[in-house]
Structure formats: C-alpha cells, structure tokens
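For reference, the structure discussed in these notes is given below.
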Amino acid sequence: MRMCLSLAVLLAVSVSHAADPSPRWLQATAFAIPKETTNQGSGYFSIVPGLNGRLYIGTAKYGVNAYLVEFDPTTKAMKIVVDCHKEIGTTATGFAAQSKIHTRNNVGPSGKIYFATKQGYPEKNEKRTDYLGGYPMVYDPQTGKTRVYPIPIKHQGIISITPDESRARAYLSTCSDERPIESTHFMILDLKTGKYRDLLDCRHMYAFIVLDHRGRAYHPILGGEIARYDPKTDKLERLKQTIDGKAPTPESHLADPQSHPINWEVSPDGKTLYAVAMSTNQLYAYDLTAPGDTLPGRTLGELVPGAKNTDCRALCVGRKGQVWAAVTANTDVASSLLHLVSYTPGDRALRNHGPVAIRNPNYTTFKDREGKPLPWHHGIRTLKDGTVTTNYTILGVAQAKDGTVYALSLAPYTLLQVSPDQLR
C-alpha cells in the first residue's frame, strides 16, 4: 500500500477544481471489501470474473495475511473464500507474512481461480530474507478447496500466474522487489507434480504473462525485449519489438532501461496483445500472429485526450474482445479522477466514457462513534459541486459477462460497479 499511495499521492490533489461545471459522470455503485481483509485499505491488480458469474478479488493486509474474496453480483454479498495463511499453514507476521495477493487473478477453462502471494515492505530491523517466498494457489469454486504449490524462488514473491490447463501447467513471474532493477524469474509450474522449470530471469518489474493462440507464453524483459516460450518446440526466444514500424521511444516506457510497469492483456482469440505503460497516455496493440523475431506493435490512441498526466495500472479484455482501462487522470475537470476508457477492435479511436462518481456515498462507515475519521478511509472525496468520487490511483479493472465493468479503489478498499447502461 505504501508504494501505491506514495505514487498515487504524486498524482492526487486533495482539493479539486471544476473548470467544466457539467462533465458527463458515470454513476458507480460502491461496495466495501471486507475490512478485516486489509489494514491499510489496500489491494492491487487482483480481480477477475469467474465462470460462475462471481468476482474474485485479492487483498493486502500488511504484516498479517492476504485473502481471496468472492463477490456475488446477484446477492451483493462478499465473503472470504481463501485465507492464505490458513491454507499455507503459517502464523508468520511482519515482513515474513504473506501480505498481498498482487497477481492479476486468472481463471482457467475449468473455472478454477489462479492467484499467488507476495511480500509486503520490511520495517525497521527486518531483513528481506525474513520473507521465505510467495506461494502459487488454485481455488476451485465448485468444491471450495484450494491447492497450494511450493515456493518457486526463495525470498521472492509472485507477481503473475497464468494457467495453460490444456497442458497441465501454469506460467509465473517472481519478484524480488529490489529497486531500481529487480529479479523476476519466468517459470513453468507443473500443475500435477508441483515442480518448476526456470526459463529466464527477465529482471522486468510487474510482469504480466499472456498466452497466444498457439499456446506460446510471453514475458517482458528488461530493456524492451520480449521472452516467448513455445511449448510445442520447447524453445525460448527473445523477440524485439517495434511500434508503428520503429523502435519504441523513451517516452513510451515500453523499452525502459530500468523497466517500467506495463500492463498486458490478450484478446480472446489469442492473436492480439494489448499494452499500456503505467505513466503514458497511450494504448498499444501487438500482432501475435506475425512471423519472425520482431513483435510488431501499433499505437491505438490516447486514453484520456487532453489529460495533463495519467496513471494506468488497470487493463482488461472482456469475453467479447472489448478492451477496458481504468485510468487516473489530471484534467481540467479535476485532479486524480478515475476515467473508464474502452477500445473496440475495428474502431478508429478509443472511447473515454468519462469520469466515475459514486452514487451511494454512504456505502460504508467512514467515522468512528465519536465522529472522528477512520484511518485509511481518505480515498473517497467530495468535490466542490457535491460529486463524490475516488481520490487515488485505480489498480484493477474487470468486465463481467453481462458487460458490467468493475474497478478497485483504495482507502477504504472498494469495488466500484458501473452498469452497462452507463457505458452506452
């Protein structure tokens, strides 16, 4: 949470101004994620719709534990379905605890939910070696049971896990959390035996692994190359990349020499890879069917046209192929505003649906019995015109089968639900 808030605070300004008195606000319904699952109002990329129509959300409880929460859109109920420490069989605290589920959750054809645990932040007198390592986990909603796999790399957490159930394997990326350059191992997990194969230390922060239409797995490499593993040939390639026929510019952060958080998501047919770098106002698409040793990409357009700056860590592709981004932007309307942006393949431009307001501002308790603000509840604010909205960077987004779009906001950890009628 500290890293998220420290980056978010640079973008956020607590007092907003309204240059445009009448923006088109999307009205979201807010749901508080169970407060016993977090101690700093925090979560990350961890959200995915299950095949059963329910959402699965990971939480962060620093120095204590991490939980997987299930949200039922029909009943509006939330419940803890995985207590990570209980499943692992540990009572570790402090930096030794499994403090986060930071992976963007994935779901396999079986309906099982794939996620993993990660370290928090060391306090005074704590060593990075106090953290033993992160655990891949697979939760089965049909049985309610969770399988825990061994730690793949000692003292490293896990930032990405992507299943290939047809081959009884999953691909994962570890994270040492060192700065400015960290260790991130691109690995194969045998889902039957629990054994690992280490393909490469890619040294790229916040990696997202995707699979293409041929079952090949992709992982970014420090400096702009892309690792591609082909299970049919058992070969690992290092691909170059281009954007609009040229090498990526330094401003794109797609080939940053110290790496940069880049969110990847693949189309349902596995033939197109979508990408957005955290600090750039652009969406890109790569052709995964292209031959050769270079992955050709193209610019699709600005996420929020006219924004002074943006922060985008939340990207998803719905089951029908529509791309969604939850973007925190500074605009003439206000600072640090959540915007929902979509791209439909074949369209000539992206569509900014507008900033997001909260229609039910009393969705949770913000003050104690004495009327004092509760700690870690400062992520919801009221603008001068009375609009209630978020105040920090958005970290997760998902589109459900019915077209509803969900996003995750911070402090308190909140699920925002925007119905399809708002997005037409």
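Residue numbers start at 1 in each chain; chains themselves are named A, B, ... in the order of the structure tokens; ligands are numbered from 1 in the order shown.
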Per-residue nearest contacts of range 41-96 of chain A to range 292-315 of chain A (12 Å; only C-alpha atoms) as a Markdown table:
| residue | atom | partner | partner_atom | distance |
| --- | --- | --- | --- | --- |
| A:Tyr44 | CA | A:Arg313 | CA | 9.1 |
| A:Phe45 | CA | A:Ala314 | CA | 6.8 |
| A:Ser46 | CA | A:Ala314 | CA | 9.8 |
| A:Ile47 | CA | A:Ala314 | CA | 9.9 |
| A:Val48 | CA | A:Leu315 | CA | 11.4 |
Restrict the selected residues to N, CA and C atoms and save them as a short mmCIF file (atom, residue, chain, number, x, y, z; two decimals), in the first residue's frame.
data_model
loop_
_atom_site.label_atom_id
_atom_site.label_comp_id
_atom_site.auth_asym_id
_atom_site.auth_seq_id
_atom_site.Cartn_x
_atom_site.Cartn_y
_atom_site.Cartn_z
N TYR A 44 -4.58 -4.62 -5.07
CA TYR A 44 -3.76 -4.39 -6.26
C TYR A 44 -4.51 -4.77 -7.53
N PHE A 45 -3.84 -5.50 -8.46
CA PHE A 45 -4.44 -5.83 -9.75
C PHE A 45 -5.44 -6.98 -9.64
N SER A 46 -5.60 -7.50 -8.46
CA SER A 46 -6.19 -8.82 -8.25
C SER A 46 -7.71 -8.83 -8.34
N ILE A 47 -8.23 -8.97 -9.58
CA ILE A 47 -9.67 -9.07 -9.79
C ILE A 47 -9.94 -9.82 -11.08
N VAL A 48 -10.88 -10.76 -11.05
CA VAL A 48 -11.25 -11.48 -12.26
C VAL A 48 -12.67 -12.02 -12.11
#
Residues of range 246-305 of chain A in strand (DSSP E) according to DSSP, as a compact mmCIF listing (two decimals) with C-alpha atoms, in the first residue's frame?
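Written file, states19.txt:
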# COMPACT_ATOMS: atom_id res chain seq x y z
CA ILE A 262 3.50 -2.32 -18.28
CA ASN A 263 0.05 -3.87 -18.19
CA TRP A 264 -0.57 -6.60 -20.77
CA GLU A 265 -3.76 -8.38 -21.75
CA VAL A 266 -4.50 -10.65 -24.69
CA THR A 272 -3.60 -9.56 -30.28
CA LEU A 273 -1.68 -8.33 -27.26
CA TYR A 274 -2.81 -5.02 -25.75
CA ALA A 275 -0.41 -2.97 -23.64
CA VAL A 276 -0.34 0.23 -21.64
CA ALA A 277 2.66 1.60 -19.77
CA GLN A 282 -1.40 5.57 -24.89
CA LEU A 283 -2.83 2.13 -25.69
CA TYR A 284 -0.83 -0.19 -27.94
CA ALA A 285 -1.61 -3.42 -29.79
CA TYR A 286 0.82 -6.14 -30.95
CA ASP A 287 0.20 -8.72 -33.66
CA THR A 294 10.21 -8.99 -34.05
CA LEU A 295 6.84 -8.37 -32.46
CA PRO A 296 5.15 -5.54 -34.42
CA GLY A 297 3.06 -3.11 -32.38
CA ARG A 298 0.93 -0.12 -33.27
CA THR A 299 -0.44 2.89 -31.46
CA LEU A 300 -4.21 2.82 -30.94
CA GLY A 301 -4.53 6.30 -29.44
CA GLU A 302 -4.75 8.36 -26.29
Exercise. Rounded to one decimal place, report the CA of Thr331 in chain A-CA of Tyr406 in chain A distance in Å.
Key: 22.2 Å
Quiz item: Between A:Gly396, A:Pro163, A:Pro248, A:Pro122, which is the closest to Glu178 in chain A once you count only C-alpha atoms?
Solution: A:Pro122
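The residues of range 159-376 of chain A that DSSP classifies as helix (DSSP H, G or I), using the backbone of this structure, are Glu165, Ser166, Arg167, Pro250, Glu251 and Ser252 of chain A.
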Find the residues of range 35-135 of chain A that sit at most 12 Å from range 370-374 of chain A; for each, write down the nearest two atoms and how far apart they are in Å, to one decimal. Count only C-alpha atoms. Sort by chain, then by number going up, and give it as a tab-separated table.
residue	atom	partner	partner_atom	distance
A:Lys35	CA	A:Leu374	CA	11.6
A:Asn39	CA	A:Leu374	CA	11.5
A:Gln40	CA	A:Leu374	CA	10.9
A:Gly41	CA	A:Leu374	CA	10.7
Quiz item: Nearest to Gln417 in chain A among A:Leu200, A:Lys76, A:Val82, A:Gly50, with distances taken over only C-alpha atoms: which residue is it?
Solution: A:Lys76
Quiz prompt | Å distance separating CA of Pro150 in chain A from CA of Ile226 in chain A, one decimal place | solution = 26.8 Å
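Among the candidates A:Phe31, A:Tyr171, A:Tyr196, A:Tyr56, the residue lying nearest to Arg228 in chain A is A:Tyr171 (atoms considered: only C-alpha atoms).
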Self-check item: For CA of Thr382 in chain A and CA of Thr75 in chain A, the interatomic separation in Å (one decimal)
Solution: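 Atom-to-atom, CA of Thr382 in chain A to CA of Thr75 in chain A, that is 28.3 Å.
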Exercise. Would you mind telling me which residue in A:Ala60, A:Ile358, A:Met78, A:Val333 lies nearest to Pro34 in chain A when using only C-alpha atoms?
Key: A:Met78
Quiz item: If you count only C-alpha atoms, which residues fall within 8 Å of Gly108 in chain A, apart from same-chain ones fewer than 2 positions away, as a list in words?
Solution: Asn106, Ser110, Gly111, Lys112, Ile113, Tyr114, Pro163, Asp164 and Glu165 of chain A
Quiz item: Using only C-alpha atoms, which residues sit within 6 Å of range 322-328 of chain A once same-chain residues fewer than 5 positions away are excluded, as an MDAnalysis selection string?
Solution: chainID A and resid 310:312 314:317 336:344 393
